[in-house]
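Student: Sharing protein_7.txt below, compact mmCIF, C-alpha atoms:
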# COMPACT_ATOMS: atom_id res chain seq x y z
CA MET A 3 0.00 0.00 0.00
CA LYS A 4 2.78 2.43 0.88
CA LEU A 5 4.57 1.64 -2.39
CA ARG A 6 1.42 2.51 -4.31
CA HIS A 7 1.20 5.92 -2.56
CA TYR A 8 4.87 6.63 -3.29
CA LEU A 9 4.38 5.74 -6.94
CA ILE A 10 1.35 8.06 -7.19
CA ILE A 11 3.28 10.91 -5.58
CA LEU A 12 6.27 10.26 -7.85
CA PHE A 13 4.01 10.24 -10.91
CA MET A 14 2.39 13.54 -9.87
CA LEU A 15 5.79 15.16 -9.34
CA LEU A 16 7.05 13.97 -12.71
CA ALA A 17 3.88 15.18 -14.40
CA ALA A 18 4.13 18.61 -12.76
CA ALA A 19 7.85 19.14 -13.49
CA PRO A 20 7.38 20.33 -17.11
CA LEU A 21 4.67 22.77 -16.00
CA PHE A 22 7.00 24.23 -13.40
CA TYR A 23 9.88 24.44 -15.90
CA PHE A 24 7.91 26.15 -18.67
CA SER A 25 6.01 28.51 -16.37
CA ASN A 26 9.25 29.86 -14.86
CA ARG A 27 11.13 30.50 -18.10
CA PRO A 28 11.57 34.08 -19.28
CA ALA A 29 9.19 35.22 -22.03
CA GLY A 30 11.98 36.13 -24.44
CA PRO A 31 15.67 36.84 -24.71
CA ALA A 32 17.15 37.79 -21.34
CA GLU A 33 18.29 41.20 -22.55
CA PHE A 34 14.83 42.11 -23.89
CA PRO A 35 12.29 40.02 -21.97
CA SER A 36 9.11 42.07 -22.02
CA ILE A 37 8.69 43.34 -25.57
CA MET A 38 6.04 40.74 -26.39
CA MET A 39 3.93 41.79 -23.39
CA ARG A 40 2.62 44.98 -25.05
CA ASP A 41 -0.03 43.87 -27.55
CA ILE A 42 -1.25 47.16 -29.05
CA THR A 43 -4.51 45.54 -30.11
CA ASP A 44 -5.35 44.61 -26.50
CA PRO A 45 -5.58 47.60 -24.12
CA LEU A 46 -5.24 45.31 -21.10
CA THR A 47 -1.57 44.67 -21.95
CA ARG A 48 -0.62 48.33 -22.30
CA SER A 49 1.77 49.86 -19.80
CA ASP A 50 3.75 53.07 -19.42
CA GLU A 51 7.12 51.32 -19.52
CA LEU A 52 8.61 51.39 -23.01
CA LYS A 53 11.71 49.51 -24.11
CA PRO A 54 14.22 50.79 -26.66
CA ALA A 55 13.81 49.14 -30.05
CA PRO A 56 16.75 46.80 -30.57
CA ASP A 57 18.90 48.17 -33.37
CA PHE A 58 19.89 46.07 -36.35
CA SER A 59 21.36 46.51 -39.81
CA LEU A 60 20.33 44.36 -42.77
CA THR A 61 20.70 44.71 -46.54
CA ASP A 62 17.74 46.13 -48.45
CA MET A 63 16.57 45.10 -51.92
CA GLU A 64 19.01 47.48 -53.64
CA GLY A 65 21.94 46.05 -51.69
CA ASN A 66 22.24 49.02 -49.32
CA PRO A 67 22.44 48.68 -45.55
CA PHE A 68 19.21 49.48 -43.71
CA THR A 69 19.93 50.40 -40.10
CA LEU A 70 16.93 50.91 -37.87
CA SER A 71 18.52 53.62 -35.72
CA ASP A 72 19.09 55.77 -38.82
CA HIS A 73 15.33 56.39 -38.84
CA ARG A 74 14.94 58.04 -35.42
CA GLY A 75 12.56 60.93 -35.65
CA THR A 76 10.17 58.86 -37.76
CA VAL A 77 7.52 56.43 -36.57
CA VAL A 78 8.56 52.98 -37.82
CA VAL A 79 6.15 50.13 -38.52
CA LEU A 80 8.32 47.01 -38.46
CA ASN A 81 6.42 44.11 -40.05
CA LEU A 82 7.69 40.52 -40.00
CA TRP A 83 6.13 38.66 -42.91
CA ALA A 84 6.67 35.96 -45.56
CA THR A 85 5.66 35.52 -49.19
CA TRP A 86 3.84 32.25 -48.42
CA CYS A 87 1.70 33.80 -45.63
CA PRO A 88 -1.89 34.65 -46.76
CA PRO A 89 -2.59 37.19 -43.95
CA CYS A 90 0.75 38.87 -44.74
CA ARG A 91 -0.24 39.19 -48.39
CA GLU A 92 -3.61 40.61 -47.40
CA GLU A 93 -2.25 43.37 -45.15
CA ILE A 94 0.41 44.61 -47.60
CA PRO A 95 -1.98 46.78 -49.70
CA ASP A 96 -3.17 48.54 -46.52
CA PHE A 97 0.44 49.13 -45.47
CA MET A 98 1.21 50.52 -48.94
CA ALA A 99 -1.75 52.92 -48.72
CA LEU A 100 -0.74 54.12 -45.25
CA GLN A 101 2.90 54.47 -46.34
CA GLU A 102 1.80 56.75 -49.17
CA GLU A 103 -0.63 58.68 -46.97
CA MET A 104 1.76 59.20 -44.04
CA GLN A 105 5.06 59.45 -45.90
CA GLY A 106 7.53 61.63 -44.04
CA ASP A 107 6.02 60.87 -40.63
CA VAL A 108 5.83 57.06 -40.85
CA LEU A 109 8.15 54.50 -42.40
CA PHE A 110 6.94 50.96 -42.97
CA LEU A 111 9.66 48.31 -43.05
CA GLY A 112 9.01 44.80 -44.31
CA VAL A 113 11.22 42.16 -42.71
CA SER A 114 10.81 38.95 -44.68
CA VAL A 115 11.47 35.69 -42.85
CA ASP A 116 11.49 33.65 -46.08
CA ARG A 117 14.33 31.14 -45.88
CA GLU A 118 14.90 31.34 -49.64
CA GLY A 119 15.88 35.00 -49.22
CA TRP A 120 15.92 37.52 -52.03
CA GLU A 121 15.46 34.76 -54.63
CA ILE A 122 11.79 34.54 -53.65
CA VAL A 123 11.25 37.92 -51.95
CA ARG A 124 12.47 40.17 -54.79
CA PRO A 125 10.01 38.88 -57.44
CA PHE A 126 7.14 39.09 -54.95
CA VAL A 127 7.98 42.68 -53.93
CA GLU A 128 8.29 43.70 -57.59
CA LEU A 129 5.01 42.01 -58.53
CA MET A 130 3.15 43.68 -55.64
CA GLU A 131 4.95 46.99 -56.32
CA ILE A 132 5.53 47.42 -52.59
CA ASN A 133 6.37 51.07 -51.89
CA TYR A 134 8.28 50.69 -48.63
CA PRO A 135 11.71 49.25 -47.80
CA GLN A 136 12.21 45.52 -47.54
CA VAL A 137 14.94 43.48 -45.87
CA VAL A 138 15.39 39.75 -45.46
CA ASP A 139 15.94 38.62 -41.88
CA ASP A 140 19.04 36.53 -41.25
CA GLY A 141 17.59 35.62 -37.85
CA THR A 142 18.70 38.86 -36.19
CA VAL A 143 15.34 40.64 -36.05
CA ALA A 144 13.41 37.54 -34.98
CA ARG A 145 15.96 36.95 -32.21
CA LEU A 146 16.04 40.57 -31.00
CA TYR A 147 12.27 41.07 -31.10
CA GLY A 148 11.26 37.53 -30.20
CA PRO A 149 10.14 35.14 -29.44
CA ILE A 150 8.00 35.57 -32.54
CA ARG A 151 5.04 33.24 -32.19
CA GLY A 152 3.75 33.64 -35.75
CA ILE A 153 3.58 35.90 -38.71
CA PRO A 154 2.59 38.46 -39.54
CA THR A 155 3.78 40.28 -36.45
CA THR A 156 4.07 44.05 -36.48
CA PHE A 157 5.97 46.33 -34.08
CA LEU A 158 5.32 50.05 -33.69
CA ILE A 159 8.39 52.11 -32.88
CA ASN A 160 7.93 55.73 -31.84
CA ARG A 161 9.98 58.72 -33.02
CA ASP A 162 12.36 58.35 -30.08
CA GLY A 163 13.18 54.73 -30.95
CA TYR A 164 11.05 53.00 -28.30
CA VAL A 165 8.73 50.08 -28.96
CA GLU A 166 5.17 51.19 -28.32
CA GLY A 167 3.95 47.63 -28.74
CA TYR A 168 3.33 44.86 -31.18
CA ALA A 169 0.39 43.35 -33.00
CA PRO A 170 0.29 39.60 -33.53
CA GLY A 171 -1.57 38.67 -36.70
CA MET A 172 -2.95 40.70 -39.55
CA LEU A 173 -3.60 44.44 -39.27
CA HIS A 174 -5.95 46.54 -41.36
CA LYS A 175 -5.48 50.24 -41.98
CA GLU A 176 -8.60 51.02 -39.93
CA GLN A 177 -6.87 49.49 -36.89
CA LEU A 178 -3.46 50.93 -37.60
CA ARG A 179 -4.27 54.51 -38.70
CA PRO A 180 -5.44 55.81 -35.26
CA LEU A 181 -2.39 54.28 -33.57
CA LEU A 182 -0.05 55.89 -36.09
CA GLU A 183 -1.84 59.25 -35.87
CA ALA A 184 -1.41 59.19 -32.07
CA LEU A 185 2.30 58.42 -32.42
CA ILE A 186 2.76 61.17 -35.00
CA ALA A 187 1.01 63.67 -32.73
CA GLY A 188 3.40 62.62 -29.97
Render the structure in this file as structure tokens.

Tutor:
Amino acid sequence: MKLRHYLIILFMLLAAAPLFYFSNRPAGPAEFPSIMMRDITDPLTRSDELKPAPDFSLTDMEGNPFTLSDHRGTVVVLNLWATWCPPCREEIPDFMALQEEMQGDVLFLGVSVDREGWEIVRPFVELMEINYPQVVDDGTVARLYGPIRGIPTTFLINRDGYVEGYAPGMLHKEQLRPLLEALIAG
């Protein structure tokens, strides 16, 4: 009888161990743990504490370096996407319209996570006639802004270079416009 009780207790401890392990892990990279906690589409996750946007430099479609910090003073919409992602494809025309409408105050940046790189991204961007800069992630952006749970994922970065929040999933211009207008107004 005692052996049976010990086995039950042992089983319960073994079953609970993964729950304890996963519930006590940090949400993201140790140097930037809370960026994913600020879902701009859910007011319950908003807070007053902003984190600096991690800087990175990647090559754009023309072969020039694109460095995020070079765009301080402008609101940046950093969008992680892929050519094979239907919601990503659907939000691009809205991003293009807002880029044209808010040019000078807002800069959209497409960060493709396509593993095939420019070989597949370039023809897609040209076909869609995307009017905002594109880079292909080498893993840097996903690591710095992660963990990225899915795409599309969009980050809003204010004029001072701080992450205002992120939006998991597809965004429409009706959702995004008021957020961008508030950031422009400062």

Student: Counting all atoms listed in the file, give me one row per residue of segment 74-141 of chain A with an atom at most 8 Å from an atom of segment 170-187 of chain A, showing the shortest contact pair and its distance in Å to one decimal, sorted by chain then residue number, as JSON lines.

Tutor:
{"residue": "A:Val77", "atom": "CA", "partner": "A:Ile186", "partner_atom": "CA", "distance": 6.9}
{"residue": "A:Pro89", "atom": "CA", "partner": "A:Met172", "partner_atom": "CA", "distance": 5.6}
{"residue": "A:Cys90", "atom": "CA", "partner": "A:Met172", "partner_atom": "CA", "distance": 6.6}
{"residue": "A:Glu92", "atom": "CA", "partner": "A:Met172", "partner_atom": "CA", "distance": 7.9}
{"residue": "A:Glu93", "atom": "CA", "partner": "A:Leu173", "partner_atom": "CA", "distance": 6.1}
{"residue": "A:Asp96", "atom": "CA", "partner": "A:Lys175", "partner_atom": "CA", "distance": 5.4}
{"residue": "A:Phe97", "atom": "CA", "partner": "A:Lys175", "partner_atom": "CA", "distance": 7.0}
{"residue": "A:Leu100", "atom": "CA", "partner": "A:Lys175", "partner_atom": "CA", "distance": 6.9}
{"residue": "A:Asp107", "atom": "CA", "partner": "A:Ile186", "partner_atom": "CA", "distance": 6.5}
{"residue": "A:Val108", "atom": "CA", "partner": "A:Leu182", "partner_atom": "CA", "distance": 7.7}

Student: Which value, in Å to one decimal, gives the distance between atom CA of Val115 of chain A and atom CA of Pro88 of chain A?

Tutor: 14.0 Å

Student: Tell me, as number ranges by chain, which residues lie within 10 Å of Ile122 of chain A, counting all atoms listed in the file; anything in the same chain fewer than 5 positions away does not count.

Tutor: A: 84-86, 116-117, 127

Student: Which residue, A:Leu60, A:Ala169, A:Cys87, A:Leu129, has the smallest gap to Gly141 of chain A when you use all atoms listed in the file?

Tutor: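 Distance minimum relative to Gly141 of chain A lands on A:Leu60.
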
Student: List the spatial neighbours of Val137 of chain A as a count of residues only - criterion: any atom at most 9 Å away, all atoms listed in the file, same-chain residues fewer than 3 positions off excluded.

Tutor: 10

Student: A:Leu146, A:Val123, A:Ile159, A:Val165: which is nearest Ser59 of chain A, counting all atoms listed in the file?

Tutor: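 Ranking A:Leu146, A:Val123, A:Ile159, A:Val165 by distance to Ser59 of chain A, first place goes to A:Leu146.
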
Student: Under the rule that only C-alpha atoms are counted, which of A:Pro54, A:Asn160, A:Pro95, A:Pro135 is the nearest residue to Thr69 of chain A?

Tutor: A:Pro135

Student: Around all listed atoms of segment 68-82 of chain A, padded 3 Å per side, what centre and edge lengths does the axis-aligned box have in Å to one decimal, as lines of an AutoDock Vina configuration file?

Tutor:
center_x = 13.0
center_y = 50.7
center_z = -39.6
size_x = 19.8
size_y = 26.4
size_z = 14.3

Student: Report the distance between atom CA of Tyr164 of chain A and atom CA of Glu103 of chain A in Å, rounded to one decimal place.

Tutor: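 Interatomic distance, atom CA of Tyr164 of chain A to atom CA of Glu103 of chain A: 22.7 Å.
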
Student: Using only C-alpha atoms, which of the listed residues (A:Tyr168, A:Asp139, A:Gly163, A:Tyr147) sits closest to Ser71 of chain A?

Tutor: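 Closest candidate: A:Gly163.
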
Student: Measure the distance from atom CA of Arg151 of chain A to atom CA of Glu118 of chain A in Å and round it to one decimal.

Tutor: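 Value for the atom CA of Arg151 of chain A-atom CA of Glu118 of chain A distance: 20.1 Å.
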
Student: Hey, which of A:Arg124, A:Val138, A:Val79, A:Pro67 ends up closest to Met104 of chain A? Count only C-alpha atoms.

Tutor: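 Selected residue with least distance to Met104 of chain A: A:Val79.
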